[in-house]
Amino acid sequence: MNAAQTPASDLVAALEPPAGSVRMVLDTDTYNEVDDQFAVVHALASDMEVEALYAAPFHNARSAGPEDGMEKSYAEILRLYERMKETPEAPVYKGSRGYLSGKDSPQDSPAARDLIERALADDRPLYVVAIGAVTNVASAMLIEPSIIDRIRIVWLGGNARWWPTTREFNLMQDLHASRILFDSGVPLVQVPCLNVTSHLHVSVPELENALRGTSAVADYFVDIVADYHDDHFGWSKVIWDIAATSYLVNPSWFAADLVHSPILTDGLTWSFDESRHLIRCVRSIDRDAVFRDVFRKVRSS
């Protein structure tokens, strides 16, 4: 998919940080580890119009393959719904059962079809917060390219532009989909992982102090982080994915620059061409502000 011929001024306007409540959908590989769960509840408890959640594929030690990862993520979202004090109204859709086999080969799914329908249903832009492989999102853009001008994507993926490699889980899971994100011209806010989101660390004692006993979902979060590692002495866990939801809650917690969209090379590095279209790329995050907001909302959920 080649970059859309969107005038640069229109793209810059689309990349302005959002003001106030927005329409959004959340695309999440929820069972991949223990951070998506925080982001799911954070989004649902924030002042946003969360219209739907999509289960994204993943493949690591917690799944037998992309389809199994998607199914487990779908089930984990429903378990979160059951633990919350009030069952969320946002519907949950299953996503892609595999990764893209080529740059022009979408993976059709209920999630991709729902994203297209919602993007076309309202004149207000639809924010797509993606915190996993972007197979569902890229597939929707391939199936219906007209949505490129109607959505704004906030994606947690890849590493900082100055990092020597962009070998990062979300990006590497589906390279075709990742390239589509950077090549399509869609208004994109990239939230890099290493050296940016990697500052969002939290320890088990901090979670025990902030969350334990405040709600069923809060207790669940303390437990799954504690179970993630055997030795908690001097150990902390990065909760990456709350960065993406937090960007829509309060963009002032982020320093982000307008930059030319990078080229994802076959060697999993960034290459740069200043003739390419613009994206917004986050370079730093107010860690404490993000966790205060997440903790408050998880406690009441």
# chains A, B, ... in the order shown; residues from 1 in each chain; ligands from 1
$ residues_around --residues "A:Gly65" --least-positions-apart "4" --cutoff "12 Å" --atoms "only C-alpha atoms" --output "PyMOL selection string"
chain A and resi 32+56-61+69-72+96-99+173
$ residues_around --residues "stretch 219-221 of chain A" --least-positions-apart "4" --cutoff "10 Å" --atoms "only C-alpha atoms" --output "list in words"
Val34, Asp35, Gln37, Phe38, Leu80, Arg83, Leu207, Glu208, Leu211, Arg212, Gly213, Thr214, Ser215, Val225, Ala226, Asp227, Val298 and Arg299 of chain A
$ write_last_selection --atoms "N, CA and C atoms" --output "short mmCIF file (atom, residue, chain, number, x, y, z; two decimals), in the first residue's frame"
data_model
loop_
_atom_site.label_atom_id
_atom_site.label_comp_id
_atom_site.auth_asym_id
_atom_site.auth_seq_id
_atom_site.Cartn_x
_atom_site.Cartn_y
_atom_site.Cartn_z
N VAL A 34 1.11 -9.31 30.55
CA VAL A 34 0.27 -8.82 31.64
C VAL A 34 0.02 -7.32 31.57
N ASP A 35 0.39 -6.68 30.48
CA ASP A 35 0.22 -5.23 30.41
C ASP A 35 -1.03 -4.80 29.65
N GLN A 37 -3.89 -6.01 29.85
CA GLN A 37 -5.01 -6.00 30.77
C GLN A 37 -5.17 -4.64 31.44
N PHE A 38 -4.07 -4.04 31.84
CA PHE A 38 -4.11 -2.71 32.43
C PHE A 38 -4.67 -1.71 31.41
N LEU A 80 -11.84 -10.07 31.85
CA LEU A 80 -11.72 -8.74 32.44
C LEU A 80 -13.11 -8.12 32.61
N ARG A 83 -14.74 -9.34 35.70
CA ARG A 83 -14.17 -8.89 36.96
C ARG A 83 -14.49 -7.43 37.29
N LEU A 207 2.51 -2.13 43.42
CA LEU A 207 1.17 -2.56 43.05
C LEU A 207 0.37 -3.00 44.28
N GLU A 208 1.02 -3.73 45.17
CA GLU A 208 0.33 -4.14 46.41
C GLU A 208 -0.16 -2.92 47.18
N LEU A 211 -2.96 -0.96 44.80
CA LEU A 211 -4.15 -1.61 44.25
C LEU A 211 -4.78 -2.68 45.13
N ARG A 212 -4.00 -3.39 45.90
CA ARG A 212 -4.52 -4.57 46.60
C ARG A 212 -5.74 -4.23 47.45
N GLY A 213 -6.81 -4.99 47.26
CA GLY A 213 -8.02 -4.85 48.07
C GLY A 213 -8.98 -3.77 47.61
N THR A 214 -8.68 -3.09 46.51
CA THR A 214 -9.55 -1.98 46.09
C THR A 214 -10.63 -2.41 45.12
N SER A 215 -10.40 -3.47 44.36
CA SER A 215 -11.41 -4.00 43.44
C SER A 215 -10.97 -5.37 42.98
N VAL A 225 0.85 -9.88 37.70
CA VAL A 225 2.22 -9.34 37.64
C VAL A 225 3.12 -10.13 38.58
N ALA A 226 2.64 -10.42 39.78
CA ALA A 226 3.45 -11.19 40.73
C ALA A 226 3.78 -12.58 40.18
N ASP A 227 2.82 -13.19 39.47
CA ASP A 227 3.04 -14.52 38.92
C ASP A 227 3.96 -14.52 37.70
N VAL A 298 -8.13 1.91 37.90
CA VAL A 298 -8.23 0.48 38.18
C VAL A 298 -8.86 0.27 39.56
N ARG A 299 -8.51 1.10 40.53
CA ARG A 299 -9.07 0.98 41.88
C ARG A 299 -10.60 1.10 41.88
#
$ closest_residue --among "A:Ile143, A:Ala19, A:Ala14, A:Ala160" --to "A:Ser252" --atoms "only C-alpha atoms"
A:Ala19
$ residues_around --residues "A:Pro106" --least-positions-apart "6" --cutoff "9 Å" --atoms "only C-alpha atoms" --output "list in words"
Tyr99, Leu100, Thr135, Asn136, Ala138, Ser139, Ala140, Met141, Leu142, Ile143 and Ala177 of chain A
$ residues_around --residues "stretch 50-53 of chain A" --least-positions-apart "6" --cutoff "9 Å" --atoms "only C-alpha atoms" --output "PyMOL selection string"
chain A and resi 22-28+40+43-44+77+89-94+111+114-115+118
$ residues_around --residues "A:Ala13" --least-positions-apart "5" --cutoff "12 Å" --atoms "only C-alpha atoms" --output "PyMOL selection string"
chain A and resi 6-8+18+125+149+152+187-188+258+278-280
$ select_by_dssp --residues "stretch 153-270 of chain A" --states "strand (DSSP E or B)" --output "list in words"
Ile153, Val154, Trp155, Leu156, Leu188, Val189, Gln190, Val191, His201, Val202, Ser203, Ser236, Lys237, Val238, Phe254, Ala255, Ala256, Asp257, Leu258, Val259, His260, Ile263, Leu264 and Trp270 of chain A
$ decode --residues "stretch 23-163 of chain A" --atoms "C-alpha atoms" --output "PDB file, in the first residue's frame"
ATOM      1  CA  ARG A  23     -14.267   7.996  19.677  1.00  0.00           C
ATOM      2  CA  MET A  24     -11.920   5.044  19.939  1.00  0.00           C
ATOM      3  CA  VAL A  25     -11.515   1.313  19.465  1.00  0.00           C
ATOM      4  CA  LEU A  26      -8.836  -0.802  21.152  1.00  0.00           C
ATOM      5  CA  ASP A  27      -6.947  -3.519  19.266  1.00  0.00           C
ATOM      6  CA  THR A  28      -5.173  -5.740  21.780  1.00  0.00           C
ATOM      7  CA  ASP A  29      -3.277  -9.040  22.083  1.00  0.00           C
ATOM      8  CA  THR A  30      -4.580  -9.179  25.622  1.00  0.00           C
ATOM      9  CA  TYR A  31      -3.210 -12.550  26.721  1.00  0.00           C
ATOM     10  CA  ASN A  32       0.288 -11.918  25.333  1.00  0.00           C
ATOM     11  CA  GLU A  33       1.622 -10.983  28.781  1.00  0.00           C
ATOM     12  CA  VAL A  34       0.266  -8.823  31.642  1.00  0.00           C
ATOM     13  CA  ASP A  35       0.219  -5.230  30.407  1.00  0.00           C
ATOM     14  CA  ASP A  36      -2.657  -5.237  27.893  1.00  0.00           C
ATOM     15  CA  GLN A  37      -5.014  -6.004  30.772  1.00  0.00           C
ATOM     16  CA  PHE A  38      -4.115  -2.707  32.425  1.00  0.00           C
ATOM     17  CA  ALA A  39      -4.649  -0.844  29.148  1.00  0.00           C
ATOM     18  CA  VAL A  40      -8.055  -2.447  28.554  1.00  0.00           C
ATOM     19  CA  VAL A  41      -9.401  -1.382  31.935  1.00  0.00           C
ATOM     20  CA  HIS A  42      -7.719   2.016  31.698  1.00  0.00           C
ATOM     21  CA  ALA A  43      -9.442   2.735  28.380  1.00  0.00           C
ATOM     22  CA  LEU A  44     -12.843   1.557  29.595  1.00  0.00           C
ATOM     23  CA  ALA A  45     -12.576   3.621  32.798  1.00  0.00           C
ATOM     24  CA  SER A  46     -11.483   6.821  31.044  1.00  0.00           C
ATOM     25  CA  ASP A  47     -13.529   9.630  29.553  1.00  0.00           C
ATOM     26  CA  MET A  48     -13.533   8.227  26.034  1.00  0.00           C
ATOM     27  CA  GLU A  49     -16.181   6.725  23.795  1.00  0.00           C
ATOM     28  CA  VAL A  50     -14.828   3.181  23.680  1.00  0.00           C
ATOM     29  CA  GLU A  51     -16.879   1.738  20.837  1.00  0.00           C
ATOM     30  CA  ALA A  52     -15.352  -1.754  20.526  1.00  0.00           C
ATOM     31  CA  LEU A  53     -12.455  -3.999  21.458  1.00  0.00           C
ATOM     32  CA  TYR A  54     -10.650  -6.259  18.984  1.00  0.00           C
ATOM     33  CA  ALA A  55      -8.631  -9.371  19.823  1.00  0.00           C
ATOM     34  CA  ALA A  56      -5.295  -9.339  17.969  1.00  0.00           C
ATOM     35  CA  PRO A  57      -3.209 -12.394  17.034  1.00  0.00           C
ATOM     36  CA  PHE A  58       0.074 -13.186  18.720  1.00  0.00           C
ATOM     37  CA  HIS A  59       2.526 -16.067  18.904  1.00  0.00           C
ATOM     38  CA  ASN A  60       4.921 -16.622  21.764  1.00  0.00           C
ATOM     39  CA  ALA A  61       5.298 -19.052  24.671  1.00  0.00           C
ATOM     40  CA  ARG A  62       1.736 -18.246  25.760  1.00  0.00           C
ATOM     41  CA  SER A  63       0.117 -19.416  22.508  1.00  0.00           C
ATOM     42  CA  ALA A  64       0.378 -22.235  19.989  1.00  0.00           C
ATOM     43  CA  GLY A  65       0.178 -19.822  17.057  1.00  0.00           C
ATOM     44  CA  PRO A  66      -1.421 -16.539  15.930  1.00  0.00           C
ATOM     45  CA  GLU A  67      -4.964 -17.913  15.867  1.00  0.00           C
ATOM     46  CA  ASP A  68      -4.605 -19.452  19.319  1.00  0.00           C
ATOM     47  CA  GLY A  69      -3.172 -16.166  20.586  1.00  0.00           C
ATOM     48  CA  MET A  70      -6.137 -14.252  19.185  1.00  0.00           C
ATOM     49  CA  GLU A  71      -8.631 -16.693  20.729  1.00  0.00           C
ATOM     50  CA  LYS A  72      -6.884 -16.497  24.109  1.00  0.00           C
ATOM     51  CA  SER A  73      -6.867 -12.696  23.908  1.00  0.00           C
ATOM     52  CA  TYR A  74     -10.589 -12.686  23.142  1.00  0.00           C
ATOM     53  CA  ALA A  75     -11.241 -14.900  26.175  1.00  0.00           C
ATOM     54  CA  GLU A  76      -9.040 -12.711  28.395  1.00  0.00           C
ATOM     55  CA  ILE A  77     -11.002  -9.572  27.450  1.00  0.00           C
ATOM     56  CA  LEU A  78     -14.215 -11.323  28.471  1.00  0.00           C
ATOM     57  CA  ARG A  79     -12.627 -12.380  31.780  1.00  0.00           C
ATOM     58  CA  LEU A  80     -11.723  -8.742  32.440  1.00  0.00           C
ATOM     59  CA  TYR A  81     -15.311  -7.735  31.711  1.00  0.00           C
ATOM     60  CA  GLU A  82     -16.508 -10.264  34.299  1.00  0.00           C
ATOM     61  CA  ARG A  83     -14.167  -8.891  36.963  1.00  0.00           C
ATOM     62  CA  MET A  84     -15.133  -5.249  36.550  1.00  0.00           C
ATOM     63  CA  LYS A  85     -17.729  -3.745  38.868  1.00  0.00           C
ATOM     64  CA  GLU A  86     -19.931  -2.800  35.902  1.00  0.00           C
ATOM     65  CA  THR A  87     -19.877  -4.867  32.736  1.00  0.00           C
ATOM     66  CA  PRO A  88     -18.679  -2.622  29.877  1.00  0.00           C
ATOM     67  CA  GLU A  89     -21.022  -2.004  26.973  1.00  0.00           C
ATOM     68  CA  ALA A  90     -18.329  -2.033  24.276  1.00  0.00           C
ATOM     69  CA  PRO A  91     -18.648  -5.206  22.163  1.00  0.00           C
ATOM     70  CA  VAL A  92     -15.663  -7.501  21.668  1.00  0.00           C
ATOM     71  CA  TYR A  93     -14.749  -8.901  18.250  1.00  0.00           C
ATOM     72  CA  LYS A  94     -12.422 -11.688  17.207  1.00  0.00           C
ATOM     73  CA  GLY A  95      -9.577 -10.637  14.951  1.00  0.00           C
ATOM     74  CA  SER A  96      -7.256 -12.191  12.389  1.00  0.00           C
ATOM     75  CA  ARG A  97      -6.444 -15.886  12.558  1.00  0.00           C
ATOM     76  CA  GLY A  98      -3.071 -15.389  10.913  1.00  0.00           C
ATOM     77  CA  TYR A  99      -0.652 -12.690   9.819  1.00  0.00           C
ATOM     78  CA  LEU A 100      -0.602 -11.009   6.432  1.00  0.00           C
ATOM     79  CA  SER A 101       0.990 -13.208   3.761  1.00  0.00           C
ATOM     80  CA  GLY A 102       1.860 -10.190   1.620  1.00  0.00           C
ATOM     81  CA  LYS A 103       1.540  -6.424   1.404  1.00  0.00           C
ATOM     82  CA  ASP A 104      -1.719  -6.736  -0.553  1.00  0.00           C
ATOM     83  CA  SER A 105      -3.212  -9.732   1.271  1.00  0.00           C
ATOM     84  CA  PRO A 106      -5.577  -8.747   4.096  1.00  0.00           C
ATOM     85  CA  GLN A 107      -6.759 -11.146   6.776  1.00  0.00           C
ATOM     86  CA  ASP A 108     -10.519 -10.730   6.842  1.00  0.00           C
ATOM     87  CA  SER A 109     -12.098 -10.920  10.288  1.00  0.00           C
ATOM     88  CA  PRO A 110     -15.043  -9.623  12.323  1.00  0.00           C
ATOM     89  CA  ALA A 111     -12.668  -7.076  13.890  1.00  0.00           C
ATOM     90  CA  ALA A 112     -11.485  -5.698  10.532  1.00  0.00           C
ATOM     91  CA  ARG A 113     -15.065  -5.464   9.246  1.00  0.00           C
ATOM     92  CA  ASP A 114     -16.275  -3.730  12.396  1.00  0.00           C
ATOM     93  CA  LEU A 115     -13.428  -1.229  12.202  1.00  0.00           C
ATOM     94  CA  ILE A 116     -14.390  -0.361   8.630  1.00  0.00           C
ATOM     95  CA  GLU A 117     -18.040   0.038   9.559  1.00  0.00           C
ATOM     96  CA  ARG A 118     -17.304   2.310  12.508  1.00  0.00           C
ATOM     97  CA  ALA A 119     -14.781   4.411  10.593  1.00  0.00           C
ATOM     98  CA  LEU A 120     -17.355   5.102   7.873  1.00  0.00           C
ATOM     99  CA  ALA A 121     -20.327   5.567  10.186  1.00  0.00           C
ATOM    100  CA  ASP A 122     -19.450   8.952  11.691  1.00  0.00           C
ATOM    101  CA  ASP A 123     -17.822  12.129  10.412  1.00  0.00           C
ATOM    102  CA  ARG A 124     -15.784  12.415  13.600  1.00  0.00           C
ATOM    103  CA  PRO A 125     -12.387  10.709  13.359  1.00  0.00           C
ATOM    104  CA  LEU A 126     -12.113   7.276  14.947  1.00  0.00           C
ATOM    105  CA  TYR A 127      -9.007   6.742  17.058  1.00  0.00           C
ATOM    106  CA  VAL A 128      -7.606   3.231  16.735  1.00  0.00           C
ATOM    107  CA  VAL A 129      -5.409   2.357  19.704  1.00  0.00           C
ATOM    108  CA  ALA A 130      -3.326  -0.659  18.737  1.00  0.00           C
ATOM    109  CA  ILE A 131      -1.171  -2.414  21.329  1.00  0.00           C
ATOM    110  CA  GLY A 132      -0.171  -5.573  19.499  1.00  0.00           C
ATOM    111  CA  ALA A 133       0.561  -6.727  15.979  1.00  0.00           C
ATOM    112  CA  VAL A 134      -1.432  -4.444  13.669  1.00  0.00           C
ATOM    113  CA  THR A 135      -2.821  -7.229  11.472  1.00  0.00           C
ATOM    114  CA  ASN A 136      -6.461  -6.314  12.124  1.00  0.00           C
ATOM    115  CA  VAL A 137      -5.868  -2.627  11.444  1.00  0.00           C
ATOM    116  CA  ALA A 138      -3.754  -3.095   8.318  1.00  0.00           C
ATOM    117  CA  SER A 139      -6.289  -5.594   6.983  1.00  0.00           C
ATOM    118  CA  ALA A 140      -9.110  -3.102   7.408  1.00  0.00           C
ATOM    119  CA  MET A 141      -7.120  -0.472   5.487  1.00  0.00           C
ATOM    120  CA  LEU A 142      -6.398  -2.957   2.680  1.00  0.00           C
ATOM    121  CA  ILE A 143     -10.037  -4.038   2.433  1.00  0.00           C
ATOM    122  CA  GLU A 144     -11.368  -0.458   2.475  1.00  0.00           C
ATOM    123  CA  PRO A 145      -8.620   2.123   1.804  1.00  0.00           C
ATOM    124  CA  SER A 146     -11.051   5.037   2.187  1.00  0.00           C
ATOM    125  CA  ILE A 147     -10.887   4.652   5.973  1.00  0.00           C
ATOM    126  CA  ILE A 148      -7.304   5.948   5.942  1.00  0.00           C
ATOM    127  CA  ASP A 149      -8.637   9.510   5.936  1.00  0.00           C
ATOM    128  CA  ARG A 150     -11.172   8.774   8.679  1.00  0.00           C
ATOM    129  CA  ILE A 151      -9.066   7.104  11.356  1.00  0.00           C
ATOM    130  CA  ARG A 152      -6.168   8.146  13.594  1.00  0.00           C
ATOM    131  CA  ILE A 153      -3.896   5.349  14.799  1.00  0.00           C
ATOM    132  CA  VAL A 154      -2.005   5.335  18.097  1.00  0.00           C
ATOM    133  CA  TRP A 155       0.325   2.330  17.944  1.00  0.00           C
ATOM    134  CA  LEU A 156       2.666   1.008  20.575  1.00  0.00           C
ATOM    135  CA  GLY A 157       5.327  -0.684  18.513  1.00  0.00           C
ATOM    136  CA  GLY A 158       8.890  -0.567  17.249  1.00  0.00           C
ATOM    137  CA  ASN A 159      11.760   1.053  19.111  1.00  0.00           C
ATOM    138  CA  ALA A 160      13.011   4.618  19.317  1.00  0.00           C
ATOM    139  CA  ARG A 161      14.279   6.124  16.069  1.00  0.00           C
ATOM    140  CA  TRP A 162      17.810   6.333  17.460  1.00  0.00           C
ATOM    141  CA  TRP A 163      17.846   2.716  18.716  1.00  0.00           C
TER     142      TRP A 163
END
